[in-house]
$ cat entry01.pdb   # PDB, C-alpha atoms, pLDDT in the B column
ATOM      1  CA  LEU A   1       9.981  24.668  38.290  1.00 49.00           C
ATOM      2  CA  THR A   2       9.210  27.299  40.895  1.00 46.00           C
ATOM      3  CA  GLY A   3       5.534  27.350  41.829  1.00 52.00           C
ATOM      4  CA  ILE A   4       4.781  24.049  40.073  1.00 59.00           C
ATOM      5  CA  THR A   5       4.042  20.832  41.924  1.00 63.00           C
ATOM      6  CA  VAL A   6       5.814  17.996  40.124  1.00 61.00           C
ATOM      7  CA  THR A   7       5.745  14.238  40.642  1.00 66.00           C
ATOM      8  CA  THR A   8       7.286  11.333  38.788  1.00 67.00           C
ATOM      9  CA  LEU A   9       5.736   7.930  38.211  1.00 64.00           C
ATOM     10  CA  THR A  10       8.314   5.163  38.325  1.00 62.00           C
ATOM     11  CA  ARG A  11       7.802   1.428  38.318  1.00 58.00           C
ATOM     12  CA  ASP A  12       7.948   1.076  42.109  1.00 52.00           C
ATOM     13  CA  LYS A  13       4.754   3.118  42.518  1.00 50.00           C
ATOM     14  CA  SER A  14       1.693   0.997  43.239  1.00 49.00           C
ATOM     15  CA  HIS A  15      -0.963   0.891  40.516  1.00 60.00           C
ATOM     16  CA  SER A  16      -3.835   0.703  42.995  1.00 63.00           C
ATOM     17  CA  ASP A  17      -6.625   3.267  42.626  1.00 71.00           C
ATOM     18  CA  ALA A  18      -6.079   4.642  46.133  1.00 74.00           C
ATOM     19  CA  ASN A  19      -2.349   5.142  45.680  1.00 83.00           C
ATOM     20  CA  LEU A  20      -2.750   6.692  42.243  1.00 91.00           C
ATOM     21  CA  LYS A  21      -5.416   9.089  43.498  1.00 91.00           C
ATOM     22  CA  SER A  22      -3.013  10.301  46.178  1.00 89.00           C
ATOM     23  CA  PHE A  23      -0.198  10.381  43.627  1.00 91.00           C
ATOM     24  CA  VAL A  24      -1.959  12.662  41.115  1.00 94.00           C
ATOM     25  CA  LYS A  25      -4.037  14.854  43.424  1.00 93.00           C
ATOM     26  CA  ASN A  26      -3.001  18.520  43.654  1.00 92.00           C
ATOM     27  CA  LYS A  27      -0.241  18.052  41.103  1.00 93.00           C
ATOM     28  CA  ASP A  28       0.483  20.399  38.199  1.00 93.00           C
ATOM     29  CA  LEU A  29       2.921  18.178  36.327  1.00 95.00           C
ATOM     30  CA  ILE A  30       3.404  14.418  36.209  1.00 96.00           C
ATOM     31  CA  TYR A  31       6.311  12.597  34.575  1.00 96.00           C
ATOM     32  CA  HIS A  32       5.430   9.059  33.506  1.00 96.00           C
ATOM     33  CA  LEU A  33       8.761   7.195  33.353  1.00 94.00           C
ATOM     34  CA  ALA A  34       7.432   3.855  34.582  1.00 90.00           C
ATOM     35  CA  GLY A  35       7.654   0.749  32.450  1.00 90.00           C
ATOM     36  CA  VAL A  36       9.229  -2.604  31.687  1.00 91.00           C
ATOM     37  CA  ASN A  37      11.700  -3.003  28.834  1.00 88.00           C
ATOM     38  CA  ARG A  38      12.940  -6.537  29.402  1.00 86.00           C
ATOM     39  CA  GLY A  39      10.510  -8.867  31.143  1.00 88.00           C
ATOM     40  CA  THR A  40       7.878 -11.480  30.534  1.00 93.00           C
ATOM     41  CA  ASP A  41       5.116 -10.687  28.065  1.00 95.00           C
ATOM     42  CA  GLU A  42       2.728 -10.420  30.999  1.00 95.00           C
ATOM     43  CA  GLU A  43       4.970  -7.913  32.824  1.00 94.00           C
ATOM     44  CA  ILE A  44       5.358  -5.739  29.737  1.00 95.00           C
ATOM     45  CA  LEU A  45       1.627  -5.681  29.031  1.00 94.00           C
ATOM     46  CA  ARG A  46       0.607  -5.144  32.657  1.00 93.00           C
ATOM     47  CA  ASP A  47       3.058  -2.407  33.576  1.00 93.00           C
ATOM     48  CA  ASN A  48       3.259  -0.510  30.293  1.00 95.00           C
ATOM     49  CA  ILE A  49      -0.364  -0.683  29.171  1.00 96.00           C
ATOM     50  CA  LEU A  50      -2.524  -1.366  32.221  1.00 94.00           C
ATOM     51  CA  GLY A  51      -0.316   0.814  34.407  1.00 94.00           C
ATOM     52  CA  THR A  52      -0.708   3.713  31.981  1.00 96.00           C
ATOM     53  CA  PHE A  53      -4.460   3.166  31.723  1.00 95.00           C
ATOM     54  CA  ASN A  54      -4.820   3.319  35.507  1.00 94.00           C
ATOM     55  CA  LEU A  55      -2.699   6.457  35.730  1.00 95.00           C
ATOM     56  CA  VAL A  56      -4.651   8.246  32.990  1.00 96.00           C
ATOM     57  CA  ARG A  57      -7.933   7.286  34.625  1.00 95.00           C
ATOM     58  CA  ALA A  58      -6.720   8.722  37.943  1.00 95.00           C
ATOM     59  CA  ILE A  59      -5.646  11.982  36.284  1.00 96.00           C
ATOM     60  CA  LYS A  60      -9.040  12.384  34.582  1.00 95.00           C
ATOM     61  CA  ALA A  61     -10.845  11.789  37.872  1.00 94.00           C
ATOM     62  CA  HIS A  62      -8.653  13.649  40.339  1.00 94.00           C
ATOM     63  CA  SER A  63      -6.272  16.061  38.610  1.00 94.00           C
ATOM     64  CA  SER A  64      -5.756  18.573  35.820  1.00 92.00           C
ATOM     65  CA  ALA A  65      -2.028  17.956  35.652  1.00 94.00           C
ATOM     66  CA  ARG A  66      -0.019  17.878  32.459  1.00 95.00           C
ATOM     67  CA  LEU A  67       1.369  14.405  31.751  1.00 96.00           C
ATOM     68  CA  VAL A  68       4.804  14.008  30.168  1.00 97.00           C
ATOM     69  CA  PHE A  69       5.156  10.441  28.916  1.00 97.00           C
ATOM     70  CA  ALA A  70       8.497   8.799  28.112  1.00 97.00           C
ATOM     71  CA  SER A  71       7.745   6.743  25.021  1.00 98.00           C
ATOM     72  CA  SER A  72      10.250   5.093  22.683  1.00 97.00           C
ATOM     73  CA  SER A  73      11.563   5.180  19.132  1.00 96.00           C
ATOM     74  CA  GLN A  74      10.695   1.477  19.109  1.00 94.00           C
ATOM     75  CA  ILE A  75       7.129   2.430  18.187  1.00 96.00           C
ATOM     76  CA  TYR A  76       8.461   2.907  14.636  1.00 94.00           C
ATOM     77  CA  LYS A  77       9.106   0.196  12.067  1.00 88.00           C
ATOM     78  CA  PRO A  78      12.439   1.101  10.519  1.00 82.00           C
ATOM     79  CA  GLY A  79      12.815   0.068   6.915  1.00 74.00           C
ATOM     80  CA  LYS A  80      15.554   0.706   4.405  1.00 67.00           C
ATOM     81  CA  LEU A  81      17.250   3.836   5.692  1.00 63.00           C
ATOM     82  CA  LYS A  82      16.546   6.870   3.507  1.00 76.00           C
ATOM     83  CA  GLY A  83      16.954   9.498   6.179  1.00 85.00           C
ATOM     84  CA  PRO A  84      15.856  10.196   9.723  1.00 93.00           C
ATOM     85  CA  ILE A  85      12.501   8.949  11.013  1.00 95.00           C
ATOM     86  CA  ARG A  86      10.054  11.793  11.595  1.00 95.00           C
ATOM     87  CA  GLU A  87       7.067  11.835  13.928  1.00 96.00           C
ATOM     88  CA  THR A  88       4.784  11.309  10.904  1.00 93.00           C
ATOM     89  CA  HIS A  89       6.452   7.981  10.107  1.00 91.00           C
ATOM     90  CA  ALA A  90       4.154   4.967  10.420  1.00 88.00           C
ATOM     91  CA  ALA A  91       3.967   3.639  13.968  1.00 91.00           C
ATOM     92  CA  GLU A  92       4.208  -0.101  13.351  1.00 92.00           C
ATOM     93  CA  PRO A  93       6.137  -1.650  16.260  1.00 94.00           C
ATOM     94  CA  VAL A  94       8.020  -4.876  15.621  1.00 90.00           C
ATOM     95  CA  SER A  95       8.424  -5.778  19.310  1.00 93.00           C
ATOM     96  CA  LEU A  96       6.009  -6.255  22.187  1.00 95.00           C
ATOM     97  CA  TYR A  97       7.775  -3.457  24.046  1.00 95.00           C
ATOM     98  CA  GLY A  98       7.259  -1.096  21.117  1.00 96.00           C
ATOM     99  CA  LEU A  99       3.631  -2.164  20.865  1.00 97.00           C
ATOM    100  CA  SER A 100       3.100  -1.497  24.569  1.00 97.00           C
ATOM    101  CA  LYS A 101       4.530   2.019  24.233  1.00 97.00           C
ATOM    102  CA  LYS A 102       2.384   2.745  21.181  1.00 97.00           C
ATOM    103  CA  THR A 103      -0.737   1.495  22.986  1.00 98.00           C
ATOM    104  CA  ALA A 104       0.130   3.636  26.012  1.00 98.00           C
ATOM    105  CA  GLU A 105       0.427   6.665  23.713  1.00 98.00           C
ATOM    106  CA  ASP A 106      -3.028   5.924  22.297  1.00 97.00           C
ATOM    107  CA  LEU A 107      -4.548   5.596  25.771  1.00 97.00           C
ATOM    108  CA  ILE A 108      -3.142   9.002  26.713  1.00 97.00           C
ATOM    109  CA  ARG A 109      -4.327  10.605  23.482  1.00 96.00           C
ATOM    110  CA  LEU A 110      -7.861   9.218  23.794  1.00 97.00           C
ATOM    111  CA  ALA A 111      -8.135  10.440  27.391  1.00 95.00           C
ATOM    112  CA  LYS A 112      -8.092  14.073  26.168  1.00 93.00           C
ATOM    113  CA  ILE A 113      -5.883  15.255  28.998  1.00 94.00           C
ATOM    114  CA  ASP A 114      -3.040  17.755  28.780  1.00 95.00           C
ATOM    115  CA  TYR A 115      -0.039  15.698  27.652  1.00 96.00           C
ATOM    116  CA  VAL A 116       3.290  15.583  25.850  1.00 97.00           C
ATOM    117  CA  VAL A 117       4.786  12.373  24.454  1.00 98.00           C
ATOM    118  CA  LEU A 118       8.546  12.143  24.036  1.00 98.00           C
ATOM    119  CA  ARG A 119       9.725   9.275  21.834  1.00 98.00           C
ATOM    120  CA  LEU A 120      13.215   8.645  23.172  1.00 98.00           C
ATOM    121  CA  SER A 121      15.984   7.135  21.093  1.00 96.00           C
ATOM    122  CA  ASN A 122      18.730   4.982  22.635  1.00 95.00           C
ATOM    123  CA  VAL A 123      19.436   6.769  25.905  1.00 96.00           C
ATOM    124  CA  TYR A 124      22.832   6.132  27.497  1.00 96.00           C
ATOM    125  CA  GLY A 125      25.038   7.490  30.246  1.00 96.00           C
ATOM    126  CA  PRO A 126      25.695   7.041  33.963  1.00 95.00           C
ATOM    127  CA  GLY A 127      23.004   4.981  35.647  1.00 92.00           C
ATOM    128  CA  CYS A 128      21.978   2.972  32.577  1.00 91.00           C
ATOM    129  CA  ARG A 129      21.804  -0.762  33.205  1.00 89.00           C
ATOM    130  CA  PRO A 130      24.181  -3.062  31.328  1.00 91.00           C
ATOM    131  CA  TYR A 131      22.843  -6.376  30.009  1.00 89.00           C
ATOM    132  CA  TYR A 132      19.307  -5.006  30.200  1.00 85.00           C
ATOM    133  CA  ASN A 133      18.260  -2.100  27.989  1.00 78.00           C
ATOM    134  CA  SER A 134      21.410  -0.307  26.860  1.00 88.00           C
ATOM    135  CA  VAL A 135      23.990  -1.690  24.439  1.00 92.00           C
ATOM    136  CA  MET A 136      26.175   1.316  25.244  1.00 95.00           C
ATOM    137  CA  ALA A 137      26.100   0.513  28.965  1.00 95.00           C
ATOM    138  CA  THR A 138      26.894  -3.135  28.263  1.00 95.00           C
ATOM    139  CA  LEU A 139      29.897  -2.286  26.073  1.00 96.00           C
ATOM    140  CA  CYS A 140      31.222   0.284  28.557  1.00 97.00           C
ATOM    141  CA  ASP A 141      30.844  -2.061  31.530  1.00 96.00           C
ATOM    142  CA  LYS A 142      32.644  -4.880  29.707  1.00 96.00           C
ATOM    143  CA  ALA A 143      35.436  -2.541  28.653  1.00 97.00           C
ATOM    144  CA  ILE A 144      36.031  -1.309  32.200  1.00 96.00           C
ATOM    145  CA  GLN A 145      36.113  -4.888  33.475  1.00 94.00           C
ATOM    146  CA  GLY A 146      38.713  -5.820  30.884  1.00 95.00           C
ATOM    147  CA  GLN A 147      36.416  -8.156  28.998  1.00 96.00           C
ATOM    148  CA  PRO A 148      36.466  -8.417  25.190  1.00 95.00           C
ATOM    149  CA  LEU A 149      33.582  -6.845  23.293  1.00 95.00           C
ATOM    150  CA  ILE A 150      31.603  -9.323  21.196  1.00 94.00           C
ATOM    151  CA  ILE A 151      29.827  -7.484  18.365  1.00 93.00           C
ATOM    152  CA  ASN A 152      27.205  -9.275  16.292  1.00 91.00           C
ATOM    153  CA  GLY A 153      27.853  -8.692  12.598  1.00 91.00           C
ATOM    154  CA  ASP A 154      30.507  -6.375  11.184  1.00 93.00           C
ATOM    155  CA  GLY A 155      29.673  -3.474  13.502  1.00 92.00           C
ATOM    156  CA  LYS A 156      28.405  -1.258  10.724  1.00 92.00           C
ATOM    157  CA  GLN A 157      24.848  -1.411  12.079  1.00 90.00           C
ATOM    158  CA  GLY A 158      23.869   1.847  13.700  1.00 91.00           C
ATOM    159  CA  ARG A 159      21.502   3.474  16.149  1.00 92.00           C
ATOM    160  CA  ASP A 160      20.635   6.914  17.438  1.00 95.00           C
ATOM    161  CA  PHE A 161      22.400   7.393  20.792  1.00 97.00           C
ATOM    162  CA  ILE A 162      21.508  10.319  23.043  1.00 97.00           C
ATOM    163  CA  TYR A 163      23.114  11.188  26.367  1.00 98.00           C
ATOM    164  CA  ILE A 164      20.994  11.155  29.514  1.00 97.00           C
ATOM    165  CA  ASP A 165      21.638  14.804  30.448  1.00 97.00           C
ATOM    166  CA  ASP A 166      20.204  15.966  27.119  1.00 98.00           C
ATOM    167  CA  VAL A 167      17.119  13.804  27.669  1.00 98.00           C
ATOM    168  CA  VAL A 168      16.591  15.240  31.155  1.00 97.00           C
ATOM    169  CA  GLN A 169      16.735  18.759  29.732  1.00 97.00           C
ATOM    170  CA  ALA A 170      14.124  17.808  27.120  1.00 97.00           C
ATOM    171  CA  LEU A 171      11.868  16.382  29.831  1.00 97.00           C
ATOM    172  CA  ILE A 172      12.081  19.596  31.840  1.00 96.00           C
ATOM    173  CA  LEU A 173      11.250  21.747  28.814  1.00 96.00           C
ATOM    174  CA  ALA A 174       8.318  19.536  27.805  1.00 96.00           C
ATOM    175  CA  GLY A 175       6.845  19.871  31.265  1.00 94.00           C
ATOM    176  CA  THR A 176       7.139  23.613  31.643  1.00 88.00           C
ATOM    177  CA  LYS A 177       6.580  25.071  28.195  1.00 85.00           C
ATOM    178  CA  PRO A 178       3.291  24.440  26.345  1.00 80.00           C
ATOM    179  CA  ALA A 179       3.201  23.450  22.675  1.00 79.00           C
ATOM    180  CA  LYS A 180       0.398  22.781  20.216  1.00 84.00           C
ATOM    181  CA  ILE A 181       2.122  19.630  18.958  1.00 88.00           C
ATOM    182  CA  PRO A 182       2.016  16.861  21.598  1.00 94.00           C
ATOM    183  CA  ILE A 183       4.390  14.225  20.137  1.00 97.00           C
ATOM    184  CA  PHE A 184       8.143  14.617  19.643  1.00 98.00           C
ATOM    185  CA  ASN A 185      11.251  12.613  18.875  1.00 98.00           C
ATOM    186  CA  ILE A 186      14.057  13.137  21.375  1.00 98.00           C
ATOM    187  CA  SER A 187      17.174  12.000  19.591  1.00 97.00           C
ATOM    188  CA  SER A 188      20.695  12.903  18.549  1.00 97.00           C
ATOM    189  CA  ASN A 189      19.512  13.281  14.945  1.00 95.00           C
ATOM    190  CA  ARG A 190      22.516  11.183  13.944  1.00 94.00           C
ATOM    191  CA  LEU A 191      23.266   7.589  12.990  1.00 94.00           C
ATOM    192  CA  THR A 192      26.201   6.096  14.904  1.00 96.00           C
ATOM    193  CA  SER A 193      27.591   2.649  14.073  1.00 95.00           C
ATOM    194  CA  LEU A 194      28.810   0.221  16.702  1.00 95.00           C
ATOM    195  CA  ARG A 195      32.232   0.460  15.096  1.00 95.00           C
ATOM    196  CA  GLN A 196      32.221   4.168  15.879  1.00 97.00           C
ATOM    197  CA  VAL A 197      31.174   3.432  19.464  1.00 97.00           C
ATOM    198  CA  VAL A 198      33.990   0.909  19.838  1.00 96.00           C
ATOM    199  CA  GLY A 199      36.456   3.452  18.470  1.00 96.00           C
ATOM    200  CA  LYS A 200      35.379   6.017  21.071  1.00 97.00           C
ATOM    201  CA  ILE A 201      35.684   3.473  23.893  1.00 97.00           C
ATOM    202  CA  LYS A 202      39.202   2.582  22.698  1.00 96.00           C
ATOM    203  CA  GLN A 203      40.226   6.200  23.171  1.00 95.00           C
ATOM    204  CA  THR A 204      39.885   5.608  26.919  1.00 95.00           C
ATOM    205  CA  VAL A 205      40.499   1.833  27.151  1.00 95.00           C
ATOM    206  CA  SER A 206      43.447   1.353  24.799  1.00 93.00           C
ATOM    207  CA  THR A 207      43.832  -2.374  25.599  1.00 94.00           C
ATOM    208  CA  LEU A 208      40.287  -3.151  24.512  1.00 94.00           C
ATOM    209  CA  GLU A 209      39.802  -6.369  22.545  1.00 95.00           C
ATOM    210  CA  VAL A 210      36.958  -6.597  20.033  1.00 95.00           C
ATOM    211  CA  GLU A 211      35.546  -9.592  18.179  1.00 95.00           C
ATOM    212  CA  TYR A 212      33.116  -9.188  15.289  1.00 94.00           C
ATOM    213  CA  GLN A 213      30.873 -12.189  14.695  1.00 92.00           C
ATOM    214  CA  ILE A 214      30.181 -11.961  10.983  1.00 90.00           C
ATOM    215  CA  GLY A 215      26.819 -13.464  10.062  1.00 85.00           C
ATOM    216  CA  ALA A 216      25.272 -13.108  13.526  1.00 84.00           C
ATOM    217  CA  ASP A 217      21.917 -11.376  14.027  1.00 83.00           C
ATOM    218  CA  THR A 218      22.504  -7.627  14.207  1.00 78.00           C
ATOM    219  CA  GLY A 219      19.144  -6.756  15.777  1.00 76.00           C
ATOM    220  CA  GLY A 220      17.316  -5.217  12.833  1.00 78.00           C
ATOM    221  CA  ALA A 221      17.760  -2.330  10.445  1.00 82.00           C
ATOM    222  CA  SER A 222      19.834   0.728  11.281  1.00 89.00           C
ATOM    223  CA  TYR A 223      17.852   3.900  11.940  1.00 91.00           C
ATOM    224  CA  TYR A 224      17.913   7.320  13.545  1.00 94.00           C
ATOM    225  CA  CYS A 225      15.221   9.855  14.389  1.00 96.00           C
ATOM    226  CA  ASP A 226      14.623  13.461  13.364  1.00 97.00           C
ATOM    227  CA  ASN A 227      14.556  15.836  16.353  1.00 97.00           C
ATOM    228  CA  THR A 228      13.817  18.988  14.315  1.00 97.00           C
ATOM    229  CA  GLN A 229      10.289  19.463  15.630  1.00 96.00           C
ATOM    230  CA  PHE A 230      11.280  19.523  19.305  1.00 97.00           C
ATOM    231  CA  ARG A 231      14.511  21.386  18.625  1.00 96.00           C
ATOM    232  CA  LYS A 232      12.732  24.285  16.911  1.00 95.00           C
ATOM    233  CA  LEU A 233       9.746  24.591  19.234  1.00 95.00           C
ATOM    234  CA  TYR A 234      11.687  24.308  22.485  1.00 94.00           C
ATOM    235  CA  LYS A 235      15.037  25.844  21.451  1.00 94.00           C
ATOM    236  CA  TRP A 236      16.705  22.606  22.545  1.00 96.00           C
ATOM    237  CA  LYS A 237      19.545  20.591  21.114  1.00 95.00           C
ATOM    238  CA  PRO A 238      21.742  17.732  22.329  1.00 97.00           C
ATOM    239  CA  ARG A 239      24.857  19.276  23.832  1.00 96.00           C
ATOM    240  CA  THR A 240      26.864  16.196  24.810  1.00 97.00           C
ATOM    241  CA  SER A 241      29.081  14.791  22.074  1.00 97.00           C
ATOM    242  CA  LEU A 242      29.467  11.038  21.652  1.00 97.00           C
ATOM    243  CA  THR A 243      33.103  11.317  22.716  1.00 97.00           C
ATOM    244  CA  GLU A 244      32.257  13.134  25.945  1.00 97.00           C
ATOM    245  CA  GLY A 245      29.188  10.997  26.654  1.00 97.00           C
ATOM    246  CA  ILE A 246      31.134   7.745  26.371  1.00 97.00           C
ATOM    247  CA  ARG A 247      33.978   9.181  28.464  1.00 97.00           C
ATOM    248  CA  GLN A 248      31.544  10.100  31.252  1.00 97.00           C
ATOM    249  CA  THR A 249      29.850   6.697  31.017  1.00 97.00           C
ATOM    250  CA  LEU A 250      33.165   4.844  31.272  1.00 97.00           C
ATOM    251  CA  ARG A 251      34.142   6.968  34.264  1.00 97.00           C
ATOM    252  CA  TRP A 252      30.868   6.109  36.015  1.00 96.00           C
ATOM    253  CA  PHE A 253      31.330   2.385  35.455  1.00 95.00           C
ATOM    254  CA  LYS A 254      34.932   2.587  36.637  1.00 95.00           C
ATOM    255  CA  GLU A 255      33.907   4.314  39.875  1.00 94.00           C
ATOM    256  CA  ARG A 256      31.051   1.825  40.329  1.00 88.00           C
ATOM    257  CA  ASN A 257      33.352  -1.172  39.932  1.00 83.00           C
ATOM    258  CA  GLN A 258      35.890   0.284  42.374  1.00 81.00           C
ATOM    259  CA  ALA A 259      33.281   0.963  45.079  1.00 66.00           C
TER     260      ALA A 259
END

$ encode --input "entry01.pdb" --output "structure tokens"
Amino acid sequence: LTGITVTTLTRDKSHSDANLKSFVKNKDLIYHLAGVNRGTDEEILRDNILGTFNLVRAIKAHSSARLVFASSSQIYKPGKLKGPIRETHAAEPVSLYGLSKKTAEDLIRLAKIDYVVLRLSNVYGPGCRPYYNSVMATLCDKAIQGQPLIINGDGKQGRDFIYIDDVVQALILAGTKPAKIPIFNISSNRLTSLRQVVGKIKQTVSTLEVEYQIGADTGGASYYCDNTQFRKLYKWKPRTSLTEGIRQTLRWFKERNQA
């Protein structure tokens, strides 16, 4: 990033016009990572939609910076799985969080600024918050603490898990290399079941106890996203295997609990 002035918008930044003007002025590249995943409806709407609107307005008025926006695979409506979800798949969110991310994308697109949208799949790894927005973090934290894992359903439901280091690399590339296509999936390109996740955790925590609650709500249809578009244009690919990613995540939680 030599010679480029970069700044990152996180949730602790004030949304006031004065602060945002100072935040965007004389910047070449802005990363918009701010947002609320779990919160009241009002918090989700205010921070994810109004916060984005205020930021975009400040960029139009005071900057020519490129905006890299961290969106979510939750903008899609997964149906019966017939393959990976591509960027052309209908954006029909089934949650308020997904709706807020889709609306934020539209606000950025309509502003006609220089932007890249990255629709992130289920990001996991050191630093992810358990019991908040990461099932992987929750399972790893429980395992390290010696608690049994309670899995809704039979564990065959799956998601698209991608390690944080691979996401960071994608963010860097999106900010520094231009592309004609502004919207990309950032994913592992692979469906992983919770049973597979549990199996990987057991490789490190051999005494792990697991209980499957057959008939419980499994949280919707299984799905994974196609990363071909970003992979080809940016010469990027996820480099961290599920085995290594879970091992690093367990190590982080172990060190955190011992501190």

$ closest_residue --input "entry01.pdb" --among "A:Val210, A:Ala70, A:Ile30, A:Val36" --to "A:Tyr132" --atoms "only C-alpha atoms"
A:Val36

$ resolve_selection --input "entry01.pdb" --expression "the PyMOL selection byres ((chain A and resi 185-188) around 10)" --output "ChimeraX atom specification"
/A:70-73,85-87,117-123,159-163,166-167,170-171,183-184,189-192,224-231,236-242

$ axis_aligned_box --input "entry01.pdb" --around "stretch 190-208 of chain A" --padding-each-side "4 Å" --output "lines of an AutoDock Vina configuration file"
center_x = 33.2
center_y = 4.0
center_z = 20.1
size_x = 29.3
size_y = 22.3
size_z = 22.2

$ residues_around --input "entry01.pdb" --residues "A:Thr249" --least-positions-apart "3" --cutoff "9 Å" --atoms "all atoms listed in the file" --output "list in words"
Tyr124, Gly125, Pro126, Gly127, Cys128, Met136, Ala137, Cys140, Asp141, Glu244, Gly245, Ile246, Trp252, Phe253 and Lys254 of chain A

$ closest_residue --input "entry01.pdb" --among "A:Thr88, A:Gln196, A:Ser95, A:Ser22" --to "A:Ser63" --atoms "all atoms listed in the file"
A:Ser22

$ closest_residue --input "entry01.pdb" --among "A:Ala221, A:Val24, A:Ile164, A:Leu149" --to "A:Ile59" --atoms "all atoms listed in the file"
A:Val24

$ atom_distance --input "entry01.pdb" --atom1 "atom CA of A:Ile150" --atom2 "atom CA of A:Gln213"
7.1 Å

$ residues_near_point --input "entry01.pdb" --point "(11.1, 21.8, 30.9)" --cutoff "12 Å" --atoms "all atoms listed in the file" --output "list of chain:residue names"
A:Leu1, A:Thr2, A:Ile4, A:Val6, A:Leu29, A:Ile30, A:Tyr31, A:Arg66, A:Val68, A:Val116, A:Asp166, A:Val167, A:Val168, A:Gln169, A:Ala170, A:Leu171, A:Ile172, A:Leu173, A:Ala174, A:Gly175, A:Thr176, A:Lys177, A:Pro178, A:Ala179, A:Phe230, A:Tyr234, A:Lys235, A:Trp236

$ atom_distance --input "entry01.pdb" --atom1 "atom CA of A:Arg195" --atom2 "atom CA of A:Arg38"
25.0 Å

$ residues_around --input "entry01.pdb" --residues "A:Leu139" --least-positions-apart "4" --cutoff "8 Å" --atoms "only C-alpha atoms" --output "list of chain:residue names"
A:Pro130, A:Val135, A:Ala143, A:Leu149

$ atom_distance --input "entry01.pdb" --atom1 "atom CA of A:Thr52" --atom2 "atom CA of A:Leu33"
10.2 Å

$ build_atoms --input "entry01.pdb" --residues "stretch 63-79 of chain A" --atoms "N, CA and C atoms" --output "short mmCIF file (atom, residue, chain, number, x, y, z; two decimals), in the frame of the given file"
data_model
loop_
_atom_site.label_atom_id
_atom_site.label_comp_id
_atom_site.auth_asym_id
_atom_site.auth_seq_id
_atom_site.Cartn_x
_atom_site.Cartn_y
_atom_site.Cartn_z
N SER A 63 -7.34 15.09 38.85
CA SER A 63 -6.27 16.06 38.61
C SER A 63 -6.46 16.75 37.26
N SER A 64 -5.81 17.89 37.11
CA SER A 64 -5.76 18.57 35.82
C SER A 64 -4.30 18.72 35.39
N ALA A 65 -3.46 17.85 35.89
CA ALA A 65 -2.03 17.96 35.65
C ALA A 65 -1.67 17.66 34.20
N ARG A 66 -0.60 18.26 33.75
CA ARG A 66 -0.02 17.88 32.46
C ARG A 66 0.78 16.59 32.66
N LEU A 67 0.65 15.67 31.70
CA LEU A 67 1.37 14.40 31.75
C LEU A 67 2.46 14.42 30.68
N VAL A 68 3.69 14.18 31.10
CA VAL A 68 4.80 14.01 30.17
C VAL A 68 5.17 12.53 30.17
N PHE A 69 4.98 11.89 29.02
CA PHE A 69 5.16 10.44 28.92
C PHE A 69 6.43 10.10 28.15
N ALA A 70 7.27 9.27 28.77
CA ALA A 70 8.50 8.80 28.11
C ALA A 70 8.16 7.59 27.25
N SER A 71 7.99 7.82 25.96
CA SER A 71 7.74 6.74 25.02
C SER A 71 9.08 6.32 24.40
N SER A 72 9.04 5.68 23.25
CA SER A 72 10.25 5.09 22.68
C SER A 72 10.25 5.16 21.16
N SER A 73 11.43 5.26 20.59
CA SER A 73 11.56 5.18 19.13
C SER A 73 11.22 3.79 18.62
N GLN A 74 11.06 2.83 19.53
CA GLN A 74 10.70 1.48 19.11
C GLN A 74 9.23 1.37 18.67
N ILE A 75 8.49 2.47 18.74
CA ILE A 75 7.13 2.43 18.19
C ILE A 75 7.16 2.48 16.65
N TYR A 76 8.32 2.84 16.09
CA TYR A 76 8.46 2.91 14.64
C TYR A 76 8.90 1.56 14.07
N LYS A 77 8.60 1.36 12.79
CA LYS A 77 9.11 0.20 12.07
C LYS A 77 10.14 0.70 11.07
N PRO A 78 11.41 0.60 11.43
CA PRO A 78 12.44 1.10 10.52
C PRO A 78 12.56 0.20 9.29
N GLY A 79 12.62 0.81 8.14
CA GLY A 79 12.82 0.07 6.92
C GLY A 79 14.17 0.38 6.35
#
